[in-house]
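File shown here: protein_24.pdb, holding PDB, C-alpha atoms.
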MODEL        1
ATOM      1  CA  MET A  36     112.048  83.722  74.522
ATOM      2  CA  SER A  37     109.437  81.288  75.860
ATOM      3  CA  ASP A  38     106.739  82.483  78.233
ATOM      4  CA  ALA A  39     107.909  79.969  80.862
ATOM      5  CA  LEU A  40     111.465  81.350  80.773
ATOM      6  CA  ILE A  41     110.183  84.934  80.994
ATOM      7  CA  CYS A  42     108.113  84.030  84.063
ATOM      8  CA  GLY A  43     111.031  82.154  85.605
ATOM      9  CA  LEU A  44     113.473  85.054  85.242
ATOM     10  CA  ALA A  45     110.888  87.602  86.373
ATOM     11  CA  GLY A  46     110.060  85.481  89.420
ATOM     12  CA  ALA A  47     113.745  85.181  90.332
ATOM     13  CA  GLY A  48     114.329  88.930  90.050
ATOM     14  CA  ALA A  49     111.198  89.829  91.993
ATOM     15  CA  GLY A  50     111.998  87.254  94.679
ATOM     16  CA  VAL A  51     115.466  88.717  95.266
ATOM     17  CA  ILE A  52     114.073  92.247  95.648
ATOM     18  CA  ALA A  53     111.346  91.082  98.054
ATOM     19  CA  GLN A  54     113.892  89.109 100.099
ATOM     20  CA  LEU A  55     116.243  92.100 100.392
ATOM     21  CA  ILE A  56     113.436  94.272 101.722
ATOM     22  CA  THR A  57     112.047  91.788 104.256
ATOM     23  CA  TYR A  58     115.172  89.849 105.291
ATOM     24  CA  PRO A  59     115.549  91.289 108.832
ATOM     25  CA  LEU A  60     111.998  90.130 109.589
ATOM     26  CA  ASP A  61     112.835  86.690 108.191
ATOM     27  CA  THR A  62     115.900  86.391 110.425
ATOM     28  CA  VAL A  63     113.974  87.327 113.580
ATOM     29  CA  ASN A  64     111.161  84.960 112.628
ATOM     30  CA  THR A  65     113.549  82.016 112.137
ATOM     31  CA  ARG A  66     114.973  82.642 115.613
ATOM     32  CA  GLN A  67     111.457  82.778 117.049
ATOM     33  CA  GLN A  68     110.588  79.461 115.404
ATOM     34  CA  THR A  69     113.697  77.743 116.780
ATOM     35  CA  ASP A  70     113.282  79.181 120.300
ATOM     36  CA  ARG A  71     112.622  76.092 122.410
ATOM     37  CA  ASN A  72     111.915  77.783 125.743
ATOM     38  CA  SER A  73     108.429  77.655 127.180
ATOM     39  CA  LYS A  74     106.516  80.927 127.158
ATOM     40  CA  LYS A  75     106.131  80.582 130.923
ATOM     41  CA  MET A  76     109.914  80.761 131.354
ATOM     42  CA  LYS A  77     110.586  83.881 129.335
ATOM     43  CA  LYS A  78     109.469  87.401 128.762
ATOM     44  CA  THR A  79     107.889  87.711 125.350
ATOM     45  CA  LEU A  80     109.418  90.472 123.254
ATOM     46  CA  SER A  81     107.738  92.113 120.302
ATOM     47  CA  THR A  82     109.265  91.762 116.842
ATOM     48  CA  ILE A  83     110.628  95.326 116.940
ATOM     49  CA  GLU A  84     112.145  94.729 120.390
ATOM     50  CA  GLN A  85     113.794  91.536 119.186
ATOM     51  CA  MET A  86     115.234  93.277 116.131
ATOM     52  CA  SER A  87     116.597  96.036 118.375
ATOM     53  CA  GLN A  88     118.096  93.438 120.714
ATOM     54  CA  VAL A  89     119.855  91.666 117.840
ATOM     55  CA  VAL A  90     121.317  94.967 116.582
ATOM     56  CA  LYS A  91     122.453  95.902 120.118
ATOM     57  CA  LEU A  92     124.136  92.562 120.861
ATOM     58  CA  GLU A  93     125.366  91.512 117.423
ATOM     59  CA  GLY A  94     125.300  94.635 115.273
ATOM     60  CA  TRP A  95     123.414  95.047 112.018
ATOM     61  CA  ASP A  96     125.205  91.991 110.649
ATOM     62  CA  GLY A  97     123.109  89.888 113.015
ATOM     63  CA  LEU A  98     119.948  90.750 111.088
ATOM     64  CA  TYR A  99     121.559  89.850 107.777
ATOM     65  CA  GLY A 100     123.262  86.557 108.643
ATOM     66  CA  GLY A 101     123.004  84.205 105.669
ATOM     67  CA  LEU A 102     121.861  86.955 103.295
ATOM     68  CA  ALA A 103     124.159  85.906 100.430
ATOM     69  CA  PRO A 104     123.054  82.241 100.276
ATOM     70  CA  SER A 105     119.494  83.384 100.941
ATOM     71  CA  LEU A 106     119.516  85.588  97.835
ATOM     72  CA  VAL A 107     120.966  82.721  95.801
ATOM     73  CA  GLY A 108     118.298  80.417  97.237
ATOM     74  CA  THR A 109     115.520  82.908  96.579
ATOM     75  CA  ALA A 110     116.579  83.455  92.974
ATOM     76  CA  ALA A 111     116.933  79.706  92.422
ATOM     77  CA  SER A 112     113.665  78.854  94.182
ATOM     78  CA  GLN A 113     111.573  81.492  92.469
ATOM     79  CA  GLY A 114     113.175  80.845  89.091
ATOM     80  CA  VAL A 115     112.687  77.066  89.303
ATOM     81  CA  TYR A 116     109.180  77.408  90.711
ATOM     82  CA  TYR A 117     107.872  79.911  88.177
ATOM     83  CA  TYR A 118     109.545  78.126  85.266
ATOM     84  CA  PHE A 119     107.929  74.761  86.014
ATOM     85  CA  TYR A 120     104.709  76.422  87.153
ATOM     86  CA  GLN A 121     104.307  78.160  83.787
ATOM     87  CA  ILE A 122     105.112  74.991  81.827
ATOM     88  CA  LEU A 123     102.567  72.954  83.804
ATOM     89  CA  ARG A 124     100.051  75.807  83.748
ATOM     90  CA  ASN A 125     100.289  76.019  79.937
ATOM     91  CA  ARG A 126      99.660  72.283  79.711
ATOM     92  CA  ALA A 127      96.658  72.569  82.034
ATOM     93  CA  GLU A 128      95.248  75.410  79.906
ATOM     94  CA  THR A 129      95.733  73.333  76.751
ATOM     95  CA  ASN A 130      93.841  70.438  78.330
ATOM     96  CA  ALA A 131      91.073  72.781  79.512
ATOM     97  CA  LEU A 132      90.626  74.173  75.969
ATOM     98  CA  ALA A 133      90.579  70.626  74.549
ATOM     99  CA  ARG A 134      87.845  69.647  77.013
ATOM    100  CA  LYS A 135      85.848  72.730  76.046
ATOM    101  CA  LYS A 136      85.936  71.669  72.386
ATOM    102  CA  ASN A 137      84.493  68.355  73.494
ATOM    103  CA  GLY A 138      81.709  70.146  75.332
ATOM    104  CA  ILE A 139      83.221  69.760  78.812
ATOM    105  CA  GLY A 140      83.855  72.827  80.961
ATOM    106  CA  ASP A 141      84.263  76.486  80.042
ATOM    107  CA  GLY A 142      87.884  76.306  78.895
ATOM    108  CA  SER A 143      89.372  77.724  82.081
ATOM    109  CA  VAL A 144      91.696  75.984  84.530
ATOM    110  CA  GLY A 145      89.791  74.885  87.613
ATOM    111  CA  MET A 146      90.780  75.295  91.255
ATOM    112  CA  PHE A 147      91.916  71.679  91.656
ATOM    113  CA  SER A 148      94.093  71.868  88.530
ATOM    114  CA  SER A 149      95.655  75.114  89.795
ATOM    115  CA  LEU A 150      96.373  73.441  93.134
ATOM    116  CA  LEU A 151      97.966  70.405  91.459
ATOM    117  CA  VAL A 152     100.130  72.553  89.164
ATOM    118  CA  ALA A 153     101.385  74.618  92.103
ATOM    119  CA  ALA A 154     102.048  71.504  94.231
ATOM    120  CA  LEU A 155     104.082  69.736  91.536
ATOM    121  CA  SER A 156     106.107  72.896  90.880
ATOM    122  CA  GLY A 157     106.726  73.217  94.604
ATOM    123  CA  CYS A 158     107.990  69.629  94.935
ATOM    124  CA  VAL A 159     110.550  70.125  92.167
ATOM    125  CA  ASN A 160     111.649  73.380  93.790
ATOM    126  CA  VAL A 161     112.048  71.829  97.273
ATOM    127  CA  LEU A 162     114.071  68.843  96.097
ATOM    128  CA  LEU A 163     116.504  71.061  94.176
ATOM    129  CA  THR A 164     116.959  73.952  96.619
ATOM    130  CA  ASN A 165     116.628  72.474 100.155
ATOM    131  CA  PRO A 166     120.434  72.401 100.738
ATOM    132  CA  ILE A 167     120.589  76.169 100.305
ATOM    133  CA  TRP A 168     117.890  76.756 102.930
ATOM    134  CA  VAL A 169     119.591  74.444 105.445
ATOM    135  CA  VAL A 170     122.663  76.688 105.199
ATOM    136  CA  VAL A 171     120.552  79.856 105.465
ATOM    137  CA  THR A 172     118.707  78.598 108.573
ATOM    138  CA  ARG A 173     122.001  77.711 110.283
ATOM    139  CA  MET A 174     123.416  81.174 109.578
ATOM    140  CA  GLN A 175     120.268  82.996 110.679
ATOM    141  CA  THR A 176     120.174  81.169 114.014
ATOM    142  CA  HIS A 177     123.900  81.542 114.724
ATOM    143  CA  THR A 178     124.009  84.123 117.513
ATOM    144  CA  LYS A 179     126.759  86.034 119.297
ATOM    145  CA  LYS A 180     126.340  83.626 122.237
ATOM    146  CA  ASP A 181     127.273  80.759 119.930
ATOM    147  CA  LYS A 182     130.415  82.633 118.913
ATOM    148  CA  ASP A 183     131.325  83.334 122.553
ATOM    149  CA  ASP A 184     130.826  79.660 123.474
ATOM    150  CA  HIS A 185     133.089  78.648 120.613
ATOM    151  CA  THR A 186     135.745  81.145 121.713
ATOM    152  CA  GLU A 187     135.702  79.833 125.291
ATOM    153  CA  SER A 188     136.004  76.205 124.185
ATOM    154  CA  VAL A 189     138.981  77.001 121.962
ATOM    155  CA  ALA A 190     140.700  78.887 124.786
ATOM    156  CA  SER A 191     140.208  76.064 127.302
ATOM    157  CA  GLN A 192     141.399  73.404 124.907
ATOM    158  CA  ASP A 193     144.611  75.248 124.088
ATOM    159  CA  GLU A 194     145.079  76.300 127.729
ATOM    160  CA  ILE A 195     145.964  79.859 126.858
ATOM    161  CA  SER A 196     145.029  83.062 128.555
ATOM    162  CA  VAL A 197     144.533  85.019 125.375
ATOM    163  CA  VAL A 198     141.015  84.794 123.959
ATOM    164  CA  VAL A 199     141.115  83.250 120.499
ATOM    165  CA  GLU A 200     138.766  84.796 117.958
ATOM    166  CA  PRO A 201     136.752  82.064 116.201
ATOM    167  CA  PRO A 202     136.758  81.957 112.411
ATOM    168  CA  PRO A 203     133.963  83.915 110.682
ATOM    169  CA  TYR A 204     130.727  81.964 110.452
ATOM    170  CA  GLY A 205     130.376  82.319 106.716
ATOM    171  CA  THR A 206     128.750  80.228 104.024
ATOM    172  CA  SER A 207     131.723  77.897 103.501
ATOM    173  CA  HIS A 208     132.109  77.322 107.263
ATOM    174  CA  THR A 209     128.401  76.474 107.543
ATOM    175  CA  ILE A 210     128.583  74.024 104.631
ATOM    176  CA  GLN A 211     131.562  72.270 106.245
ATOM    177  CA  GLU A 212     129.730  72.136 109.577
ATOM    178  CA  VAL A 213     126.588  70.568 108.103
ATOM    179  CA  TYR A 214     128.619  68.053 106.108
ATOM    180  CA  GLY A 215     130.762  67.192 109.154
ATOM    181  CA  GLU A 216     127.663  66.488 111.264
ATOM    182  CA  ALA A 217     125.575  64.392 108.886
ATOM    183  CA  GLY A 218     127.310  64.113 105.531
ATOM    184  CA  ILE A 219     125.442  64.836 102.307
ATOM    185  CA  SER A 220     122.103  63.835 103.838
ATOM    186  CA  GLY A 221     122.429  66.735 106.297
ATOM    187  CA  PHE A 222     121.657  69.171 103.490
ATOM    188  CA  TRP A 223     118.215  67.621 103.184
ATOM    189  CA  ASN A 224     117.307  67.968 106.867
ATOM    190  CA  GLY A 225     113.674  68.947 107.205
ATOM    191  CA  ILE A 226     112.857  67.716 103.701
ATOM    192  CA  PHE A 227     109.642  65.935 104.725
ATOM    193  CA  PRO A 228     107.893  68.912 106.397
ATOM    194  CA  THR A 229     109.245  71.061 103.572
ATOM    195  CA  LEU A 230     107.656  68.782 100.973
ATOM    196  CA  PHE A 231     104.381  68.943 102.868
ATOM    197  CA  MET A 232     104.804  72.711 102.856
ATOM    198  CA  VAL A 233     104.439  72.824  99.089
ATOM    199  CA  SER A 234     100.815  73.204 100.054
ATOM    200  CA  ASN A 235     101.726  76.777 101.087
ATOM    201  CA  PRO A 236     102.581  78.107  97.612
ATOM    202  CA  ALA A 237      99.976  75.719  96.195
ATOM    203  CA  ILE A 238      97.255  77.288  98.340
ATOM    204  CA  GLN A 239      98.763  80.721  97.727
ATOM    205  CA  PHE A 240      98.710  80.386  93.931
ATOM    206  CA  MET A 241      95.312  78.726  93.934
ATOM    207  CA  LEU A 242      93.892  81.711  95.855
ATOM    208  CA  TYR A 243      95.844  84.171  93.740
ATOM    209  CA  GLU A 244      94.770  82.715  90.393
ATOM    210  CA  THR A 245      91.142  82.455  91.568
ATOM    211  CA  LEU A 246      91.067  86.067  92.787
ATOM    212  CA  LEU A 247      92.906  87.258  89.673
ATOM    213  CA  LYS A 248      90.408  85.518  87.383
ATOM    214  CA  LYS A 249      87.501  87.134  89.233
ATOM    215  CA  MET A 250      89.136  90.541  89.051
ATOM    216  CA  ARG A 251      89.736  90.177  85.301
ATOM    217  CA  LYS A 252      86.075  89.278  84.804
ATOM    218  CA  ARG A 253      85.079  92.339  86.820
ATOM    219  CA  HIS A 254      87.358  94.545  84.699
ATOM    220  CA  ALA A 255      85.957  93.035  81.491
ATOM    221  CA  SER A 256      82.344  93.573  82.618
ATOM    222  CA  SER A 257      83.086  97.210  83.480
ATOM    223  CA  ASN A 258      84.496  97.913  79.978
ATOM    224  CA  LYS A 259      88.087  97.824  81.242
ATOM    225  CA  GLY A 260      90.660  95.601  79.585
ATOM    226  CA  ALA A 261      90.901  92.169  81.246
ATOM    227  CA  ASN A 262      94.704  92.575  81.359
ATOM    228  CA  ASP A 263      94.649  96.179  82.644
ATOM    229  CA  ILE A 264      95.091  95.253  86.306
ATOM    230  CA  THR A 265      97.108  97.774  88.279
ATOM    231  CA  ALA A 266     100.237  97.062  90.313
ATOM    232  CA  LEU A 267      98.339  98.007  93.494
ATOM    233  CA  GLU A 268      95.626  95.441  92.745
ATOM    234  CA  ILE A 269      98.280  92.758  92.163
ATOM    235  CA  PHE A 270      99.923  93.798  95.462
ATOM    236  CA  LEU A 271      96.657  93.338  97.375
ATOM    237  CA  LEU A 272      95.826  90.026  95.669
ATOM    238  CA  GLY A 273      99.282  88.681  96.523
ATOM    239  CA  ALA A 274      98.945  89.784 100.157
ATOM    240  CA  VAL A 275      95.542  88.146 100.640
ATOM    241  CA  ALA A 276      96.665  84.898  98.967
ATOM    242  CA  LYS A 277      99.828  84.629 101.079
ATOM    243  CA  LEU A 278      97.959  85.425 104.301
ATOM    244  CA  GLY A 279      95.594  82.508 103.795
ATOM    245  CA  ALA A 280      98.394  80.086 102.908
ATOM    246  CA  THR A 281     100.609  81.109 105.849
ATOM    247  CA  VAL A 282      97.935  80.638 108.502
ATOM    248  CA  VAL A 283      97.246  77.078 107.295
ATOM    249  CA  THR A 284     100.851  75.827 106.943
ATOM    250  CA  TYR A 285     102.781  77.667 109.684
ATOM    251  CA  PRO A 286     103.204  74.663 112.069
ATOM    252  CA  LEU A 287     105.092  72.781 109.329
ATOM    253  CA  LEU A 288     107.433  75.748 108.943
ATOM    254  CA  VAL A 289     108.280  75.661 112.649
ATOM    255  CA  VAL A 290     109.096  71.925 112.487
ATOM    256  CA  LYS A 291     111.250  72.444 109.391
ATOM    257  CA  SER A 292     113.245  75.245 111.047
ATOM    258  CA  ARG A 293     113.795  73.177 114.211
ATOM    259  CA  LEU A 294     115.205  70.285 112.150
ATOM    260  CA  GLN A 295     117.471  72.507 110.040
ATOM    261  CA  ALA A 296     118.886  74.579 112.922
ATOM    262  CA  LYS A 297     122.067  73.389 114.657
ATOM    263  CA  GLN A 298     121.402  70.876 117.455
ATOM    264  CA  LYS A 299     124.080  71.097 120.128
ATOM    265  CA  VAL A 300     125.689  67.838 121.209
ATOM    266  CA  GLY A 301     125.031  67.103 124.881
ATOM    267  CA  ALA A 302     122.188  69.591 125.110
ATOM    268  CA  ASP A 303     118.811  68.860 126.695
ATOM    269  CA  LYS A 304     117.305  65.884 124.838
ATOM    270  CA  ARG A 305     114.003  67.729 124.778
ATOM    271  CA  HIS A 306     115.635  70.044 122.269
ATOM    272  CA  GLN A 307     117.151  67.348 120.069
ATOM    273  CA  TYR A 308     115.066  65.916 117.253
ATOM    274  CA  LYS A 309     115.571  62.631 115.437
ATOM    275  CA  GLY A 310     113.092  63.418 112.690
ATOM    276  CA  THR A 311     109.828  65.100 111.756
ATOM    277  CA  LEU A 312     107.533  62.983 113.939
ATOM    278  CA  ASP A 313     109.902  63.177 116.926
ATOM    279  CA  ALA A 314     110.056  66.974 116.600
ATOM    280  CA  MET A 315     106.276  67.273 116.471
ATOM    281  CA  MET A 316     105.764  65.033 119.512
ATOM    282  CA  LYS A 317     108.376  66.874 121.599
ATOM    283  CA  ILE A 318     106.950  70.288 120.693
ATOM    284  CA  ILE A 319     103.481  69.137 121.788
ATOM    285  CA  ARG A 320     104.781  67.475 124.960
ATOM    286  CA  TYR A 321     107.128  70.190 126.243
ATOM    287  CA  GLU A 322     105.734  73.397 124.710
ATOM    288  CA  GLY A 323     102.102  72.679 123.964
ATOM    289  CA  PHE A 324     100.331  73.357 120.695
ATOM    290  CA  HIS A 325     101.231  77.046 120.910
ATOM    291  CA  GLY A 326     104.831  75.939 120.228
ATOM    292  CA  PHE A 327     103.813  75.371 116.612
ATOM    293  CA  TYR A 328     102.910  79.038 116.311
ATOM    294  CA  ASN A 329     106.030  80.722 117.738
ATOM    295  CA  GLY A 330     106.620  83.926 115.789
ATOM    296  CA  MET A 331     103.531  83.562 113.618
ATOM    297  CA  GLY A 332     102.726  87.275 113.821
ATOM    298  CA  THR A 333     106.183  88.155 112.497
ATOM    299  CA  LYS A 334     105.878  85.545 109.747
ATOM    300  CA  ILE A 335     102.524  86.882 108.599
ATOM    301  CA  VAL A 336     103.920  90.408 108.294
ATOM    302  CA  GLN A 337     107.105  89.224 106.545
ATOM    303  CA  SER A 338     105.556  86.686 104.189
ATOM    304  CA  VAL A 339     102.539  88.779 103.221
ATOM    305  CA  LEU A 340     104.724  91.824 102.546
ATOM    306  CA  ALA A 341     107.285  89.751 100.606
ATOM    307  CA  ALA A 342     104.607  87.972  98.551
ATOM    308  CA  ALA A 343     102.791  91.211  97.739
ATOM    309  CA  ILE A 344     106.054  92.859  96.609
ATOM    310  CA  LEU A 345     107.043  89.729  94.663
ATOM    311  CA  PHE A 346     103.746  89.462  92.770
ATOM    312  CA  MET A 347     103.668  93.177  91.969
ATOM    313  CA  ILE A 348     107.261  93.334  90.685
ATOM    314  CA  LYS A 349     107.044  89.975  88.919
ATOM    315  CA  GLU A 350     103.942  90.984  86.944
ATOM    316  CA  GLU A 351     105.585  94.260  85.914
ATOM    317  CA  LEU A 352     108.771  92.447  84.843
ATOM    318  CA  VAL A 353     106.751  89.887  82.866
ATOM    319  CA  ARG A 354     104.813  92.638  81.081
ATOM    320  CA  GLY A 355     108.022  94.499  80.264
ATOM    321  CA  ALA A 356     109.774  91.375  78.983
ATOM    322  CA  ARG A 357     106.782  90.314  76.856
ATOM    323  CA  TRP A 358     106.547  93.784  75.352
ATOM    324  CA  LEU A 359     110.291  93.809  74.665
ATOM    325  CA  PHE A 360     110.402  90.380  72.994
ATOM    326  CA  THR A 361     106.929  90.053  71.480
ATOM    327  CA  GLY A 362     105.566  93.579  71.218
ATOM    328  CA  THR A 363     102.556  92.720  73.387
ATOM    329  CA  THR A 364     101.922  92.365  77.129
ATOM    330  CA  ALA A 365      99.587  89.382  76.649
ATOM    331  CA  ALA A 366     100.782  85.829  77.299
ATOM    332  CA  THR A 367     101.916  83.771  74.329
ATOM    333  CA  SER A 368      99.078  81.685  72.971
ATOM    334  CA  VAL A 369      99.254  78.003  73.850
ATOM    335  CA  ARG A 370      98.896  75.654  70.896
TER     336      ARG A 370
ENDMDL
END
Spit out the file's structure as structure tokens when you get a sec.
Amino acid sequence: MSDALICGLAGAGAGVIAQLITYPLDTVNTRQQTDRNSKKMKKTLSTIEQMSQVVKLEGWDGLYGGLAPSLVGTAASQGVYYYFYQILRNRAETNALARKKNGIGDGSVGMFSSLLVAALSGCVNVLLTNPIWVVVTRMQTHTKKDKDDHTESVASQDEISVVVEPPPYGTSHTIQEVYGEAGISGFWNGIFPTLFMVSNPAIQFMLYETLLKKMRKRHASSNKGANDITALEIFLLGAVAKLGATVVTYPLLVVKSRLQAKQKVGADKRHQYKGTLDAMMKIIRYEGFHGFYNGMGTKIVQSVLAAAILFMIKEELVRGARWLFTGTTAATSVR
């Protein structure tokens, strides 16, 4: 089994586990990002209070809306990302070794090359998996109030006194809704800010690889094996790398979520967006720059925790798979 495939499968498995653990935080954060009310007009609730409110009004299902497509999307995204990342990383390492033989460099992949590899992998991932995340965002932001509104409209249209229960807002219903509103192109709503957001994992992996390389050098200089890095150390490296990337790219995430969430027909035009630039201008005009940072505290907790868990589990899965198939935990040599 190739090293790229091992990394891809390990990344998919680790991503699913991390998503399962942190999904309630992700749901609350998506709702915070798509909340279009000014802070002056509402009482700000903490993340825990918002989670409690969702459970009280919608039940535990409210925190796990869109979980099934989210797990599929996570597995697909992480698998695609890590697979292409490893292929491109191997090529970059081969080029670095070739330059070293010619007397250029020390044979290691530089920061810019790491950034480029991560960015290209991210672009491939976004283009292939964006439809899944449009569906997930719709399901996460579908509240009990939306269901009640739908029930009332059905009752008034049919002119009956009995309240009609709306159909379950499942994955298939969401797909039909998105397609009915905008056709196939609707599944790529928010694609432009999402493509710009490849800088998030790019920055994350650049920081991670840089910190990992320094830690391996420190282990080697202290007579420890360069590959004998503990799961706890990987956890901390992943957390620090994700923290830095999240702070830089969070405004793009808010714009992406606003574009992918359902926009009600006839609603306030301030809350309807024609595209990325229109969304950015309306957020600045009606909410101020702080509108780009709605829910950032929740996102930092969720993303840092998820990334730390993902890196830790992924590294352990990679080591186990390499040992199982090759008898060694070291990466396959690149020729």
Neighbouring residues of A:Phe270 were defined as those with any atom within 8 Å, considering all atoms listed in the file; residues of the same chain fewer than 2 positions away were excluded. Please report them as a VMD selection string. chain A and resid 266 to 268 272 to 274 343 to 344 346 to 347
Rank nothing, just name the residue among A:Leu271, A:Leu163, A:Gly330, A:Thr178 nearest to A:Leu92, using all atoms listed in the file.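 Result for the nearest residue to A:Leu92: A:Thr178.
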Going by the chain IDs and residue numbers used in this file, which residues fall under the PyMOL selection byres ((chain A and resi 210-216) around 12)? Write them as a ChimeraX atom specification. /A:101,104,166-174,204-209,217-224,295-300
Which residue of A:Thr69, A:Cys158, A:Ala342, A:Ser257 approaches A:Tyr308 most closely, using all atoms listed in the file: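 Result for the nearest residue to A:Tyr308: A:Thr69.
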I'd like the residues picked by the PyMOL selection byres ((chain A and resi 137-145) around 12) written out as a list in words, using the chain letters and numbers from the file. Leu123, Arg124, Asn125, Arg126, Ala127, Glu128, Thr129, Asn130, Ala131, Leu132, Ala133, Arg134, Lys135, Lys136, Met146, Phe147, Ser148, Ser149, Leu150, Leu151, Val152, Met241, Leu242, Glu244, Thr245, Lys248 and Lys249 of chain A
Which of A:Ser87, A:Ser105, A:Asn165, A:Asn329 sits closest to A:Thr57 [using all atoms listed in the file]: A:Ser105
Residues returned when the PyMOL selection byres ((chain A and resi 121) around 10) runs on this file, as a PDB file with C-alpha atoms, in the coordinates of the input:
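Written output follows (out.pdb):
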ATOM      1  CA  SER A  37     109.437  81.288  75.860  1.00  0.00           C
ATOM      2  CA  ASP A  38     106.739  82.483  78.233  1.00  0.00           C
ATOM      3  CA  ALA A  39     107.909  79.969  80.862  1.00  0.00           C
ATOM      4  CA  LEU A  40     111.465  81.350  80.773  1.00  0.00           C
ATOM      5  CA  ILE A  41     110.183  84.934  80.994  1.00  0.00           C
ATOM      6  CA  CYS A  42     108.113  84.030  84.063  1.00  0.00           C
ATOM      7  CA  GLY A  43     111.031  82.154  85.605  1.00  0.00           C
ATOM      8  CA  TYR A 116     109.180  77.408  90.711  1.00  0.00           C
ATOM      9  CA  TYR A 117     107.872  79.911  88.177  1.00  0.00           C
ATOM     10  CA  TYR A 118     109.545  78.126  85.266  1.00  0.00           C
ATOM     11  CA  PHE A 119     107.929  74.761  86.014  1.00  0.00           C
ATOM     12  CA  TYR A 120     104.709  76.422  87.153  1.00  0.00           C
ATOM     13  CA  ILE A 122     105.112  74.991  81.827  1.00  0.00           C
ATOM     14  CA  LEU A 123     102.567  72.954  83.804  1.00  0.00           C
ATOM     15  CA  ARG A 124     100.051  75.807  83.748  1.00  0.00           C
ATOM     16  CA  ASN A 125     100.289  76.019  79.937  1.00  0.00           C
ATOM     17  CA  ARG A 126      99.660  72.283  79.711  1.00  0.00           C
ATOM     18  CA  ALA A 127      96.658  72.569  82.034  1.00  0.00           C
ATOM     19  CA  VAL A 152     100.130  72.553  89.164  1.00  0.00           C
ATOM     20  CA  ALA A 153     101.385  74.618  92.103  1.00  0.00           C
ATOM     21  CA  SER A 156     106.107  72.896  90.880  1.00  0.00           C
TER      22      SER A 156
END
Which value, in Å to one decimal, gives the distance between atom CA of A:His177 and atom CA of A:Leu345?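 For atom CA of A:His177 relative to atom CA of A:Leu345, the distance reads 27.5 Å.
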Measure the distance from atom CA of A:Thr109 to atom CA of A:Asn160 in Å and round it to one decimal. 10.7 Å
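The residue that comes closest to A:Met315, out of A:Met250, A:Ala111, A:Leu288, A:Ile238 and on the basis of only C-alpha atoms, is A:Leu288.
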Could you tell me which of A:Glu351, A:Ala47, A:Phe240, A:Ser292 comes closest to A:Leu278 if we count all atoms listed in the file? A:Phe240
Straight-line distance linking atom CA of A:Glu84 with atom CA of A:Thr176, stated in Å to one decimal: 17.0 Å
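Comparing the minimum interatomic distances between A:Ala314 and each of A:Asn235, A:Trp358, A:Ser338, A:Phe227, counting only C-alpha atoms, we find that A:Phe227 sits nearest.
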Fewer than 4 positions away in the same chain doesn't count, so skip those; otherwise give me all residues within 8 Å of A:Ile264, counting only C-alpha atoms, as JSON, numbers by chain. {"A": [251, 254, 268, 269]}
